4 protein chains.
Amino acid sequence: MQILVNPADELPIYRQIMRQIQEAIAGGRLKPGDKLASHRDLAEQAVIAPLTVKKAYDELEALGFIETQRGRGTFVCEKPPRISSADQRAQMRETARKLLSQAYLGGMNFEAAVKILKEADREIAEGRKEAS
Amino acid sequence: MQILVNPADELPIYRQIMRQIQEAIAGGRLKPGDKLASHRDLAEQAVIAPLTVKKAYDELEALGFIETQRGRGTFVCEKPPRISSADQRAQMRETARKLLSQAYLGGMNFEAAVKILKEADREIAEGRKEAS
Amino acid sequence: MQILVNPADELPIYRQIMRQIQEAIAGGRLKPGDKLASHRDLAEQAVIAPLTVKKAYDELEALGFIETQRGRGTFVCEKPPRISSADQRAQMRETARKLLSQAYLGGMNFEAAVKILKEADREIAEGRKEAS
Amino acid sequence: MQILVNPADELPIYRQIMRQIQEAIAGGRLKPGDKLASHRDLAEQAVIAPLTVKKAYDELEALGFIETQRGRGTFVCEKPPRISSADQRAQMRETARKLLSQAYLGGMNFEAAVKILKEADREIAEGRKEAS
DNA sequence: GTGGTCTAGACCACC
DNA sequence: GTGGTCTAGACCACG
């Protein structure tokens, strides 16, 4: 799996990694039982410090998304967790507000925002198809 | 204008202020030429340090949303900054993908995401802000 | 004499006024003995507070550029002062550095900066001609 | 990189720092990708408060000259911001007029102004800074 | 009263 | 060690 990282981003690098892996699981590009790259390999591929990848893996393991088997590697869990629905809705509300601010500041209306959401959905669906 | 701040939030306080003001501009509750509260007044009202509010104002000024006139106050710019519409769409697509990832991670579908977008729209329109 | 003022400028308004009057004297558009607008008239024309204009006039008088005759008005002095040559050179060095930074950051070279200086000189010379 | 600061100057300290760094970039002494001193180190070296240096760095980042990477440091951007060449020329004309006004106010002529420009050019090239 | 600047010191997250 | 944030309090310049 390909990980892209931007050191200048305000989101910490280890969170960028976590986010991409979580999205890959949610989007079906990583399936339960799939093997992840070793943290050293991933670090080399993404040109970052191994410790940073390790931290991302550790956090994902603590959250129950992945599990490491000593000597064998790291794998996607059979039952990735659901985020608590209260937290999740709060996060989504934040993101939704951001999307709407971007739209209104650019002179768009609500329908235009929904249209863009639809386009993004199609793109994601295609990504899922390719992976299967 | 009413600003509510949550010091426990992971989003820095000055960013919470920025966001609420940007949303107010986007939502039309703050119009070009309107005067903002002095950073001291706002600080007192929100029970935070004046410098924290000032930092929010400074960043918004650097972004071109507001402008200050020494000794007179701070005002909403006549011409909020225009991003190229290509950039704007790219940014919105990014945000839209994030929203969908969050939805799918939580087991929601596309319609549920749109529903949350609708709720957020009402919140912005009403200027309501829950200090979650 | 026409005064234009920008309240959003980082240079204080009273300094903007001082600068324009000093430049007018230096450029020959205001000659020794010429009468200035009353500070009230100038304030009305430039849409600013009379006290602000008064402060500019007071400072210019303290520097010896203008003098007020009670009941008659304010006039350009017969012998406008020379700034101390040390101060003046320091100020010019600042301005010169700024001009060069602007040039180099924009990919221009030293000669291009001199060319722009020449153009500006011609413009000023024309302003002087029109006034005479 | 050596920064010299004069607390008695009318230009704010953080602006003095900004100016020197911008000049260093313009003059080629700081190249894209170069690492700047940490704001704490620079503060210690210049005997000022760390926040003051940080403010200078923050503003330069907002202007697009430098970028920071958390935990790693602050670096000169690969692509310093490009102003439209029309805007740039307008700004330079403004600065050029100011330089000439200062010259004529002090009884100098055009050639003297060019001479000072030459001196400033040498100063920038050498990275010398007199704490006048 | 308003913004502009500066200080000294603190705590946290990241690499 | 590096940047990110926040506080409390101070002094000045401007209008």
# chains A, B, ... in the order shown; residues from 1 in each chain; ligands from 1
>>> select_by_dssp(residues="chain B", states="strand (DSSP E)", output="list in words")
Ile66, Glu67, Thr68, Gln69, Gly73, Thr74, Phe75 and Val76 of chain B
>>> closest_atom_pairs(of="chain A", to="chain E", cutoff="8 Å", atoms="only C-alpha atoms (C1' of nucleotides)", output="tab-separated table")
residue	atom	partner	partner_atom	distance
A:Pro12	CA	E:DC14	C1'	7.3
A:Ala49	CA	E:DC15	C1'	7.8
A:Thr52	CA	E:DC15	C1'	7.2
>>> interface_residues(of="chain F", to="chain D", cutoff="9 Å", atoms="only C-alpha atoms (C1' of nucleotides)", output="compact mmCIF listing (two decimals) with N, CA and C atoms (P, O5', C5', C4', C3', O3' and C1' of nucleotides), in the first residue's frame")
# COMPACT_ATOMS: atom_id res chain seq x y z
P DG F 1 18.32 19.98 24.81
O5' DG F 1 18.15 20.54 23.34
C5' DG F 1 18.70 19.80 22.26
C4' DG F 1 17.75 19.89 21.08
C3' DG F 1 17.18 21.29 20.89
O3' DG F 1 17.27 21.67 19.52
C1' DG F 1 15.43 19.69 21.01
P DT F 2 16.76 23.04 19.03
O5' DT F 2 15.31 22.80 18.41
C5' DT F 2 15.17 21.99 17.25
C4' DT F 2 13.72 22.00 16.84
C3' DT F 2 13.11 23.39 17.01
O3' DT F 2 12.81 24.01 15.78
C1' DT F 2 11.74 21.69 17.99
P DG F 3 12.23 25.49 15.91
O5' DG F 3 10.67 25.20 15.90
C5' DG F 3 10.09 24.61 14.77
C4' DG F 3 8.69 24.15 15.12
C3' DG F 3 7.67 25.29 15.21
O3' DG F 3 6.45 24.82 14.64
C1' DG F 3 7.67 24.07 17.21
P DG F 4 5.13 25.68 14.84
O5' DG F 4 4.47 25.09 16.16
C5' DG F 4 3.62 23.95 16.08
C4' DG F 4 2.47 24.13 17.04
C3' DG F 4 1.79 25.50 16.91
O3' DG F 4 0.38 25.31 17.05
C1' DG F 4 2.60 25.21 19.11
>>> interface_residues(of="chain C", to="chain D", cutoff="7 Å", atoms="only C-alpha atoms", output="number ranges by chain")
C: 23, 26, 82-83, 88, 92-93, 95-97, 99-102, 104-105, 116-117, 120
>>> write_last_selection(atoms="N, CA, C and O atoms", output="PDB file, in the first residue's frame")
ATOM      1  N   GLU C  23       6.773  65.999   0.916  1.00  0.00           N
ATOM      2  CA  GLU C  23       7.133  65.677  -0.458  1.00  0.00           C
ATOM      3  C   GLU C  23       6.711  66.785  -1.414  1.00  0.00           C
ATOM      4  O   GLU C  23       7.402  67.063  -2.393  1.00  0.00           O
ATOM      5  N   ALA C  26       9.318  69.384  -1.044  1.00  0.00           N
ATOM      6  CA  ALA C  26      10.564  68.948  -1.678  1.00  0.00           C
ATOM      7  C   ALA C  26      10.418  68.941  -3.196  1.00  0.00           C
ATOM      8  O   ALA C  26      11.350  69.253  -3.927  1.00  0.00           O
ATOM      9  N   ARG C  82      16.753  71.445   6.377  1.00  0.00           N
ATOM     10  CA  ARG C  82      17.386  70.217   5.893  1.00  0.00           C
ATOM     11  C   ARG C  82      17.394  69.221   7.050  1.00  0.00           C
ATOM     12  O   ARG C  82      17.711  69.593   8.183  1.00  0.00           O
ATOM     13  N   ILE C  83      17.103  68.015   6.735  1.00  0.00           N
ATOM     14  CA  ILE C  83      17.199  66.989   7.771  1.00  0.00           C
ATOM     15  C   ILE C  83      18.676  66.762   8.052  1.00  0.00           C
ATOM     16  O   ILE C  83      19.513  66.923   7.165  1.00  0.00           O
ATOM     17  N   GLN C  88      19.324  61.514   7.612  1.00  0.00           N
ATOM     18  CA  GLN C  88      18.785  61.381   6.271  1.00  0.00           C
ATOM     19  C   GLN C  88      19.412  60.187   5.546  1.00  0.00           C
ATOM     20  O   GLN C  88      18.720  59.396   4.922  1.00  0.00           O
ATOM     21  N   MET C  92      17.586  56.884   4.067  1.00  0.00           N
ATOM     22  CA  MET C  92      17.687  56.518   2.659  1.00  0.00           C
ATOM     23  C   MET C  92      18.258  55.118   2.489  1.00  0.00           C
ATOM     24  O   MET C  92      17.838  54.368   1.610  1.00  0.00           O
ATOM     25  N   ARG C  93      19.193  54.769   3.338  1.00  0.00           N
ATOM     26  CA  ARG C  93      19.734  53.416   3.249  1.00  0.00           C
ATOM     27  C   ARG C  93      18.633  52.378   3.477  1.00  0.00           C
ATOM     28  O   ARG C  93      18.541  51.391   2.760  1.00  0.00           O
ATOM     29  N   THR C  95      15.434  52.738   2.882  1.00  0.00           N
ATOM     30  CA  THR C  95      14.563  52.701   1.710  1.00  0.00           C
ATOM     31  C   THR C  95      15.264  52.000   0.546  1.00  0.00           C
ATOM     32  O   THR C  95      14.648  51.217  -0.184  1.00  0.00           O
ATOM     33  N   ALA C  96      16.550  52.274   0.409  1.00  0.00           N
ATOM     34  CA  ALA C  96      17.298  51.671  -0.690  1.00  0.00           C
ATOM     35  C   ALA C  96      17.333  50.144  -0.534  1.00  0.00           C
ATOM     36  O   ALA C  96      17.153  49.394  -1.496  1.00  0.00           O
ATOM     37  N   ARG C  97      17.537  49.693   0.685  1.00  0.00           N
ATOM     38  CA  ARG C  97      17.556  48.247   0.925  1.00  0.00           C
ATOM     39  C   ARG C  97      16.219  47.632   0.586  1.00  0.00           C
ATOM     40  O   ARG C  97      16.155  46.533   0.019  1.00  0.00           O
ATOM     41  N   LEU C  99      14.055  48.730  -1.587  1.00  0.00           N
ATOM     42  CA  LEU C  99      13.900  48.700  -3.039  1.00  0.00           C
ATOM     43  C   LEU C  99      14.667  47.527  -3.641  1.00  0.00           C
ATOM     44  O   LEU C  99      14.162  46.805  -4.511  1.00  0.00           O
ATOM     45  N   LEU C 100      15.877  47.315  -3.143  1.00  0.00           N
ATOM     46  CA  LEU C 100      16.691  46.232  -3.700  1.00  0.00           C
ATOM     47  C   LEU C 100      16.108  44.859  -3.348  1.00  0.00           C
ATOM     48  O   LEU C 100      16.099  43.943  -4.181  1.00  0.00           O
ATOM     49  N   SER C 101      15.605  44.705  -2.115  1.00  0.00           N
ATOM     50  CA  SER C 101      14.985  43.430  -1.754  1.00  0.00           C
ATOM     51  C   SER C 101      13.819  43.132  -2.675  1.00  0.00           C
ATOM     52  O   SER C 101      13.661  42.017  -3.172  1.00  0.00           O
ATOM     53  N   GLN C 102      12.992  44.157  -2.893  1.00  0.00           N
ATOM     54  CA  GLN C 102      11.856  43.961  -3.788  1.00  0.00           C
ATOM     55  C   GLN C 102      12.318  43.541  -5.175  1.00  0.00           C
ATOM     56  O   GLN C 102      11.729  42.664  -5.802  1.00  0.00           O
ATOM     57  N   TYR C 104      15.294  42.039  -6.059  1.00  0.00           N
ATOM     58  CA  TYR C 104      15.909  40.714  -6.094  1.00  0.00           C
ATOM     59  C   TYR C 104      14.880  39.606  -5.878  1.00  0.00           C
ATOM     60  O   TYR C 104      14.958  38.545  -6.489  1.00  0.00           O
ATOM     61  N   LEU C 105      13.917  39.841  -4.955  1.00  0.00           N
ATOM     62  CA  LEU C 105      12.890  38.823  -4.726  1.00  0.00           C
ATOM     63  C   LEU C 105      12.047  38.618  -5.976  1.00  0.00           C
ATOM     64  O   LEU C 105      11.480  37.547  -6.183  1.00  0.00           O
ATOM     65  N   ILE C 116      14.023  51.636 -12.742  1.00  0.00           N
ATOM     66  CA  ILE C 116      12.759  52.040 -12.118  1.00  0.00           C
ATOM     67  C   ILE C 116      12.925  53.358 -11.367  1.00  0.00           C
ATOM     68  O   ILE C 116      12.038  54.212 -11.369  1.00  0.00           O
ATOM     69  N   LEU C 117      14.079  53.519 -10.754  1.00  0.00           N
ATOM     70  CA  LEU C 117      14.340  54.773 -10.053  1.00  0.00           C
ATOM     71  C   LEU C 117      14.319  55.937 -11.044  1.00  0.00           C
ATOM     72  O   LEU C 117      13.786  57.011 -10.750  1.00  0.00           O
ATOM     73  N   ALA C 120      10.756  56.799 -11.959  1.00  0.00           N
ATOM     74  CA  ALA C 120      10.101  57.533 -10.875  1.00  0.00           C
ATOM     75  C   ALA C 120      10.571  58.981 -10.872  1.00  0.00           C
ATOM     76  O   ALA C 120       9.790  59.903 -10.631  1.00  0.00           O
TER      77      ALA C 120
END
>>> residues_around(residues="range 2-6 of chain A", least_positions_apart="5", cutoff="7 Å", atoms="only C-alpha atoms (C1' of nucleotides)", output="ChimeraX atom specification")
/A:13,16-17,46
>>> write_last_selection(atoms="N, CA and C atoms", output="PDB file, in the first residue's frame")
ATOM      1  N   ILE A  13       2.560  13.879  11.229  1.00  0.00           N
ATOM      2  CA  ILE A  13       2.831  12.820  10.274  1.00  0.00           C
ATOM      3  C   ILE A  13       2.213  11.500  10.701  1.00  0.00           C
ATOM      4  N   GLN A  16      -1.293  11.431   9.859  1.00  0.00           N
ATOM      5  CA  GLN A  16      -1.535  11.303   8.423  1.00  0.00           C
ATOM      6  C   GLN A  16      -1.501   9.829   8.027  1.00  0.00           C
ATOM      7  N   ILE A  17      -0.537   9.114   8.592  1.00  0.00           N
ATOM      8  CA  ILE A  17      -0.435   7.682   8.291  1.00  0.00           C
ATOM      9  C   ILE A  17      -1.667   6.950   8.808  1.00  0.00           C
ATOM     10  N   ALA A  46       8.308   6.070   2.520  1.00  0.00           N
ATOM     11  CA  ALA A  46       7.727   7.409   2.666  1.00  0.00           C
ATOM     12  C   ALA A  46       8.760   8.454   3.089  1.00  0.00           C
TER      13      ALA A  46
END
>>> residues_around(residues="Ile66 in chain D", least_positions_apart="3", cutoff="9 Å", atoms="only C-alpha atoms (C1' of nucleotides)", output="VMD selection string")
chain D and resid 32 to 33 36 57 to 58 60 to 63 74 to 78 80
>>> select_by_dssp(residues="chain D", states="alpha helix (DSSP H)", output="ChimeraX atom specification")
/D:13-26,39-46,50-63,85-105,110-126
>>> atom_distance(atom1="CA of Leu51 in chain D", atom2="CA of Tyr14 in chain D")
9.3 Å
